[in-house]
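> My file is run_12.tsv. It has TSV, C-alpha atoms:
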chain	number	residue	atom	x	y	z
A	1	PRO	CA	-9.87	78.97	-7.87
A	2	ALA	CA	-11.98	76.37	-6.07
A	3	VAL	CA	-12.25	72.79	-7.35
A	4	SER	CA	-14.73	70.20	-6.04
A	5	LEU	CA	-13.40	66.82	-4.92
A	6	ALA	CA	-14.60	63.38	-5.92
A	7	VAL	CA	-13.24	60.02	-4.78
A	8	ALA	CA	-13.34	56.98	-7.07
A	9	ALA	CA	-13.68	53.99	-4.82
A	10	ALA	CA	-14.81	50.71	-6.40
A	11	VAL	CA	-14.48	48.87	-9.68
A	12	LEU	CA	-15.72	45.32	-9.33
A	13	PRO	CA	-16.68	42.81	-12.00
A	14	PHE	CA	-20.10	41.18	-11.96
A	15	ALA	CA	-19.74	39.38	-15.30
A	16	PRO	CA	-16.74	38.61	-17.53
A	17	ALA	CA	-17.63	41.35	-20.03
A	18	SER	CA	-19.14	43.92	-17.69
A	19	GLN	CA	-18.15	45.97	-14.65
A	20	VAL	CA	-19.80	48.32	-12.18
A	21	VAL	CA	-17.83	51.43	-11.26
A	22	GLY	CA	-18.77	53.30	-8.07
A	23	VAL	CA	-17.63	56.83	-7.24
A	24	ALA	CA	-18.19	58.50	-3.86
A	25	VAL	CA	-18.52	62.28	-4.14
A	26	ASP	CA	-17.76	64.37	-1.05
A	27	ALA	CA	-19.50	67.71	-1.59
A	28	LYS	CA	-18.34	69.13	1.75
A	29	VAL	CA	-14.79	69.84	0.64
A	30	ILE	CA	-13.12	71.76	-2.18
A	31	LEU	CA	-9.57	72.49	-3.24
A	32	LYS	CA	-8.89	76.19	-2.88
A	33	ASP	CA	-5.50	77.49	-4.00
A	34	GLY	CA	-4.07	73.99	-3.59
A	35	ALA	CA	-5.41	73.37	-0.08
A	36	SER	CA	-8.55	71.58	1.09
A	37	ALA	CA	-11.32	73.74	2.51
A	38	ILE	CA	-14.91	73.22	3.60
A	39	ALA	CA	-17.24	74.20	0.80
A	40	PRO	CA	-20.15	76.60	1.30
A	41	GLY	CA	-23.48	74.79	1.73
A	42	PRO	CA	-25.77	73.20	0.99
A	43	HIS	CA	-23.79	69.95	0.87
A	44	ARG	CA	-25.20	67.02	-1.07
A	45	ASP	CA	-22.81	64.06	-0.90
A	46	SER	CA	-23.59	61.26	-3.32
A	47	ALA	CA	-22.50	58.04	-4.96
A	48	VAL	CA	-22.43	57.80	-8.74
A	49	PHE	CA	-22.47	54.47	-10.57
A	50	PHE	CA	-21.38	53.53	-14.07
A	51	ARG	CA	-21.55	50.33	-16.08
A	52	PHE	CA	-18.60	49.40	-18.26
A	53	ALA	CA	-19.42	46.93	-21.03
A	54	ASP	CA	-18.45	46.34	-24.66
A	55	GLY	CA	-15.70	48.94	-24.42
A	56	ALA	CA	-18.07	51.72	-23.33
A	57	LEU	CA	-18.64	53.43	-19.98
A	58	ARG	CA	-22.26	54.41	-19.36
A	59	ARG	CA	-23.64	56.39	-16.42
A	60	PHE	CA	-26.10	54.24	-14.52
A	61	GLY	CA	-27.29	56.75	-11.95
A	62	GLU	CA	-26.64	58.75	-8.79
A	63	VAL	CA	-28.04	58.58	-5.26
A	64	GLN	CA	-27.58	61.01	-2.37
A	65	VAL	CA	-25.71	59.32	0.51
A	66	PRO	CA	-23.16	60.50	3.10
A	67	ALA	CA	-19.58	60.29	1.80
A	68	SER	CA	-16.10	61.39	2.83
A	69	TYR	CA	-12.83	61.78	0.97
A	70	LEU	CA	-10.85	61.24	4.19
A	71	GLY	CA	-9.59	57.72	4.84
A	72	ALA	CA	-8.41	54.72	2.84
A	73	PRO	CA	-9.39	54.82	-0.87
A	74	SER	CA	-12.07	52.14	-0.59
A	75	SER	CA	-15.27	53.70	0.73
A	76	VAL	CA	-17.45	52.00	-1.92
A	77	ALA	CA	-17.94	48.24	-2.25
A	78	VAL	CA	-19.95	46.63	-5.06
A	79	SER	CA	-21.18	43.03	-4.96
A	80	GLY	CA	-19.85	40.58	-7.53
A	81	ASP	CA	-23.24	40.34	-9.26
A	82	GLY	CA	-23.51	44.14	-9.51
A	83	LYS	CA	-26.83	44.26	-7.66
A	84	LEU	CA	-25.78	45.92	-4.39
A	85	ALA	CA	-23.33	48.56	-3.18
A	86	LEU	CA	-22.19	49.72	0.24
A	87	VAL	CA	-20.88	53.25	0.83
A	88	SER	CA	-19.14	54.23	4.06
A	89	SER	CA	-18.77	57.74	5.48
A	90	SER	CA	-15.95	58.42	7.93
A	91	THR	CA	-16.50	62.12	8.59
A	92	ARG	CA	-19.26	64.72	8.59
A	93	LEU	CA	-19.42	68.39	9.42
A	94	ASP	CA	-19.55	69.05	13.15
A	95	PRO	CA	-23.14	70.16	13.91
A	96	ASN	CA	-21.77	72.37	16.70
A	97	ASP	CA	-19.13	73.95	14.45
A	98	PRO	CA	-19.79	73.61	10.71
A	99	GLY	CA	-16.25	74.82	10.03
A	100	LYS	CA	-14.81	71.59	11.44
A	101	TYR	CA	-15.12	67.85	10.81
A	102	ALA	CA	-16.47	65.24	13.23
A	103	ASP	CA	-16.49	61.45	13.03
A	104	ASP	CA	-19.33	59.85	11.10
A	105	ASP	CA	-20.41	56.21	11.51
A	106	ARG	CA	-22.83	55.61	8.64
A	107	VAL	CA	-22.89	52.91	5.97
A	108	SER	CA	-25.44	53.26	3.15
A	109	VAL	CA	-26.92	50.23	1.36
A	110	ILE	CA	-27.77	50.85	-2.28
A	111	ASP	CA	-29.85	48.59	-4.52
A	112	LEU	CA	-28.40	48.46	-8.04
A	113	SER	CA	-30.78	45.84	-9.43
A	114	GLY	CA	-33.37	48.28	-10.81
A	115	LYS	CA	-33.37	50.98	-13.46
A	116	ALA	CA	-31.57	53.43	-11.14
A	117	PRO	CA	-29.61	53.19	-7.86
A	118	LYS	CA	-31.86	53.27	-4.80
A	119	LEU	CA	-30.96	53.81	-1.13
A	120	THR	CA	-32.56	51.01	0.91
A	121	GLN	CA	-30.82	51.15	4.32
A	122	THR	CA	-28.60	53.34	6.45
A	123	LEU	CA	-26.63	51.63	9.23
A	124	ALA	CA	-25.07	53.41	12.22
A	125	LEU	CA	-21.99	51.42	13.26
A	126	GLY	CA	-21.06	53.39	16.36
A	127	VAL	CA	-17.48	53.76	15.09
A	128	SER	CA	-16.01	55.75	12.22
A	129	PRO	CA	-15.50	53.46	9.18
A	130	SER	CA	-12.07	53.71	7.55
A	131	SER	CA	-13.02	51.59	4.53
A	132	ILE	CA	-15.42	48.83	3.45
A	133	LYS	CA	-14.98	45.51	1.62
A	134	LEU	CA	-17.42	42.86	0.39
A	135	ASN	CA	-16.40	39.21	0.09
A	136	PRO	CA	-16.48	37.62	-3.40
A	137	ALA	CA	-19.83	35.93	-2.70
A	138	GLY	CA	-21.44	39.20	-1.61
A	139	THR	CA	-22.68	37.66	1.65
A	140	MET	CA	-20.35	39.40	4.09
A	141	ALA	CA	-18.68	42.78	4.41
A	142	LEU	CA	-15.88	44.02	6.65
A	143	VAL	CA	-15.67	47.60	7.87
A	144	PRO	CA	-12.28	48.34	9.45
A	145	SER	CA	-12.14	51.35	11.76
A	146	SER	CA	-8.81	52.94	12.64
A	147	PRO	CA	-10.33	55.29	15.27
A	148	GLY	CA	-12.30	52.38	16.75
A	149	ASN	CA	-9.34	49.96	16.50
A	150	SER	CA	-11.84	47.36	15.30
A	151	VAL	CA	-13.41	45.54	12.37
A	152	THR	CA	-17.20	45.46	12.09
A	153	VAL	CA	-18.62	42.37	10.38
A	154	LEU	CA	-21.78	42.80	8.30
A	155	SER	CA	-24.03	40.06	6.95
A	156	VAL	CA	-25.70	40.55	3.56
A	157	ARG	CA	-28.84	38.50	2.89
A	158	GLU	CA	-31.34	39.15	0.10
A	159	GLY	CA	-30.36	42.80	-0.07
A	160	LYS	CA	-30.61	43.32	3.71
A	161	VAL	CA	-27.50	44.23	5.68
A	162	ALA	CA	-26.99	43.79	9.42
A	163	VAL	CA	-24.16	44.10	11.95
A	164	VAL	CA	-23.30	40.62	13.28
A	165	ASP	CA	-19.97	41.12	15.06
A	166	THR	CA	-17.31	43.62	16.05
A	167	VAL	CA	-13.74	42.36	16.34
A	168	LYS	CA	-11.37	44.43	18.44
A	169	MET	CA	-7.75	44.64	17.40
A	170	ALA	CA	-4.79	44.62	19.79
A	171	PRO	CA	-4.19	48.07	21.33
A	172	ASN	CA	-2.88	50.78	19.01
A	173	MET	CA	-3.09	48.72	15.80
A	174	GLY	CA	-5.52	50.90	13.82
A	175	ALA	CA	-7.42	48.57	11.45
A	176	LEU	CA	-7.63	50.37	8.11
A	177	ALA	CA	-8.51	48.11	5.16
A	178	ALA	CA	-9.31	44.51	4.19
A	179	GLY	CA	-8.70	42.29	1.17
A	180	PHE	CA	-10.36	38.90	0.60
A	181	ALA	CA	-8.83	35.88	-1.13
A	182	PRO	CA	-10.67	34.93	-4.37
A	183	ASP	CA	-12.42	32.01	-2.63
A	184	GLY	CA	-13.45	34.21	0.33
A	185	LYS	CA	-11.95	31.78	2.86
A	186	HIS	CA	-9.19	34.13	4.03
A	187	VAL	CA	-8.85	37.88	4.42
A	188	LEU	CA	-6.01	40.29	5.06
A	189	VAL	CA	-6.58	43.23	7.43
A	190	THR	CA	-4.10	46.09	7.41
A	191	GLN	CA	-3.20	47.59	10.78
A	192	ALA	CA	-1.72	50.93	9.84
A	193	ASP	CA	-0.76	52.22	13.28
A	194	GLY	CA	1.03	48.96	14.10
A	195	GLN	CA	2.59	48.68	10.60
A	196	ARG	CA	1.21	45.13	10.37
A	197	VAL	CA	-0.96	43.01	8.12
A	198	ALA	CA	-3.01	40.24	9.77
A	199	LEU	CA	-4.29	37.11	8.01
A	200	TYR	CA	-7.63	35.69	9.19
A	201	ALA	CA	-9.63	32.62	8.23
A	202	VAL	CA	-13.32	33.15	7.44
A	203	ASP	CA	-15.92	30.67	8.74
A	204	ASN	CA	-19.64	31.06	8.10
A	205	ASP	CA	-19.12	34.71	7.16
A	206	ARG	CA	-17.32	35.50	10.40
A	207	LEU	CA	-13.66	36.11	11.19
A	208	ARG	CA	-12.08	33.15	12.97
A	209	LEU	CA	-10.03	34.30	15.94
A	210	PRO	CA	-7.18	34.58	16.62
A	211	ALA	CA	-5.46	35.67	13.43
A	212	ILE	CA	-3.57	32.92	11.60
A	213	ARG	CA	-0.57	35.20	11.29
A	214	GLU	CA	0.42	38.81	11.87
A	215	MET	CA	3.20	40.13	9.68
A	216	GLY	CA	5.30	43.26	10.00
A	217	ALA	CA	4.80	45.35	6.88
A	218	GLY	CA	7.81	47.60	7.31
A	219	ILE	CA	5.63	50.45	6.07
A	220	THR	CA	2.28	51.96	6.99
A	221	PRO	CA	-0.06	49.61	5.06
A	222	LEU	CA	-3.06	51.51	3.71
A	223	THR	CA	-4.64	48.79	1.56
A	224	ALA	CA	-4.47	45.04	0.96
A	225	ALA	CA	-5.27	43.09	-2.19
A	226	ASP	CA	-5.08	39.47	-3.30
A	227	CYS	CA	-3.25	38.82	-6.57
A	228	GLY	CA	-5.71	36.32	-8.06
A	229	ASP	CA	-4.50	32.78	-8.73
A	230	SER	CA	-0.84	33.64	-8.13
A	231	GLY	CA	-1.03	32.76	-4.42
A	232	LEU	CA	0.37	36.20	-3.63
A	233	ALA	CA	-1.11	39.27	-1.96
A	234	GLY	CA	0.06	42.83	-1.61
A	235	GLY	CA	-0.30	45.70	0.79
A	236	GLY	CA	0.86	49.25	0.55
Once more with this new file: its structure as structure tokens, please.

Amino acid sequence: PAVSLAVAAAVLPFAPASQVVGVAVDAKVILKDGASAIAPGPHRDSAVFFRFADGALRRFGEVQVPASYLGAPSSVAVSGDGKLALVSSSTRLDPNDPGKYADDDRVSVIDLSGKAPKLTQTLALGVSPSSIKLNPAGTMALVPSSPGNSVTVLSVREGKVAVVDTVKMAPNMGALAAGFAPDGKHVLVTQADGQRVALYAVDNDRLRLPAIREMGAGITPLTAADCGDSGLAGGG
């Protein structure tokens, strides 16, 4: 039997008693007899959003945007106030051979402030995004790219998103994911190919170079997360 695939990607609070849950749905791929396969068309990728409040999960709406199940499990980022979401897409079907994948470079900007999610922008980064992360203030996003060995810095102002910088990693590091400190003043970037995690300071919504510290992870670090007020962070 064939089973469609969906990727849950973001659960971020925007108020103490309420959360927004974002799910990226890759319609291009199915599970067939236990193996992934490209689904027959047409393909309508999407992002589905839910609000969780008062112990109940309610469907908020769905919007058609490019999505991919390949990559780190963080292709959706929701702002802390629940008014904006970013969805990255790392792969698409090869237009020259629809039976194969090709790199994608798109990030979709979705307005969540109305009665239903609404696509407002589509950015082309020029590199395939591995994941995406908004800072706690919702004014800056980082888009690590393992194929591009880089981190793209996005500014977020009044619902408008723009590329402001691209930070190249050392050769063969493979930037994969990012995790901000609660105050947004520092961020961890995992470098999967180099089995490292780098700590950066953040100034005026930009990464301050060079990194404060680069640490050997001893494993291939796929994600990074701050552990709240404990002063600790984790990667794995």
> Tell me, counting only C-alpha atoms, for each residue of segment 147-230 of chain A within 10 Å of segment 66-85 of chain A, which pair of atoms is nearest and how far apart they are in Å to one decimal, in rows ordered by chain and increasing number, as a tab-separated table.

residue	atom	partner	partner_atom	distance
A:Val156	CA	A:Leu84	CA	9.6
A:Glu158	CA	A:Leu84	CA	9.8
A:Gly159	CA	A:Leu84	CA	7.0
A:Lys160	CA	A:Leu84	CA	9.8
A:Leu176	CA	A:Ala72	CA	6.9
A:Ala177	CA	A:Ala72	CA	7.0
A:Ala178	CA	A:Ser74	CA	9.4
A:Leu222	CA	A:Ala72	CA	6.3
A:Thr223	CA	A:Ala72	CA	7.1
> What does the structure give for the distance between atom CA of Leu93 of chain A and atom CA of Thr152 of chain A, in Å to one decimal?
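Interatomic distance, atom CA of Leu93 of chain A to atom CA of Thr152 of chain A: 23.2 Å.
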> Please identify all polymer residues within 8 Å of Thr139 of chain A, counting all atoms listed in the file, omitting same-chain residues fewer than 4 positions from it, and present them as a PyMOL selection string.
chain A and resi 134-135+155-157+205
> Under the rule that all atoms listed in the file are counted, which of A:Ser150, A:Ser88, A:Thr190, A:Asn96 is the nearest residue to Ala124 of chain A?
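Closest to Ala124 of chain A, using all atoms listed in the file: A:Ser88.
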> Choose the residue, out of A:Gly148, A:Lys133, A:Met215, A:Gly174, that has the smallest atom-to-atom separation from Val187 of chain A; count all atoms listed in the file.
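So, comparing all the options, the nearest one is A:Lys133.
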> Could you tell me how far atom CA of Asp183 of chain A sits from atom CA of Leu142 of chain A, in Å to one decimal place?
15.6 Å
> Point out the residue among A:Ala137, A:Lys28, A:Val87, A:Phe50 with the least atom-to-atom distance to Leu123 of chain A, counting all atoms listed in the file.
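Closest to Leu123 of chain A of all the choices is A:Val87.
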> Under the rule that only C-alpha atoms are counted, which of A:Val65, A:Ala39, A:Ala53, A:Ile132 is the nearest residue to Val25 of chain A?
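Closest candidate: A:Val65.
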> Could you tell me how far atom CA of Ala175 of chain A lies from atom CA of Gln195 of chain A, in Å and to one decimal?
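Computing the Euclidean distance for atom CA of Ala175 of chain A and atom CA of Gln195 of chain A yields 10.0 Å.
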> Quick one: of A:Glu214, A:Asp105, A:Asp45, A:Asp26, who's nearest to Thr122 of chain A, counting only C-alpha atoms?
A:Asp105
> May I ask which of the residues A:Asp111, A:Asp97, A:Asp103, A:Asp193 is the closest one to Asn172 of chain A, counting only C-alpha atoms?
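Using only C-alpha atoms, Asn172 of chain A sits closest to A:Asp193.
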> Taking (-13.9, 50.0, 7.3) as a centre in this file's frame and 6 Å as the limit, can you find every polymer residue with an atom that close, using all atoms listed in the file, and give them as a PDB file with C-alpha atoms, keeping the file's coordinate frame?

ATOM      1  CA  PRO A 129     -15.500  53.460   9.180  1.00  0.00           C
ATOM      2  CA  SER A 130     -12.070  53.710   7.550  1.00  0.00           C
ATOM      3  CA  SER A 131     -13.020  51.590   4.530  1.00  0.00           C
ATOM      4  CA  ILE A 132     -15.420  48.830   3.450  1.00  0.00           C
ATOM      5  CA  VAL A 143     -15.670  47.600   7.870  1.00  0.00           C
ATOM      6  CA  PRO A 144     -12.280  48.340   9.450  1.00  0.00           C
ATOM      7  CA  SER A 145     -12.140  51.350  11.760  1.00  0.00           C
TER       8      SER A 145
END
> As a list in words, please: the residues near Leu119 of chain A (cut-off 9 Å, all atoms listed in the file, same-chain neighbours under 2 positions excluded).
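So, after excluding close chain neighbours, the residues are Val63, Gln64, Val65, Ser108, Val109, Ile110, Asp111, Pro117, Gln121 and Thr122 of chain A.
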> Neighbourhood query: residues within 9 Å of (-25.8, 53.4, -13.5), file coordinates, counting only C-alpha atoms; return as a list in words.
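Here is the list of nearby residues: Val20, Val21, Gly22, Val48, Phe49, Phe50, Arg51, Arg58, Arg59, Phe60, Gly61, Glu62, Leu112, Lys115, Ala116 and Pro117 of chain A.
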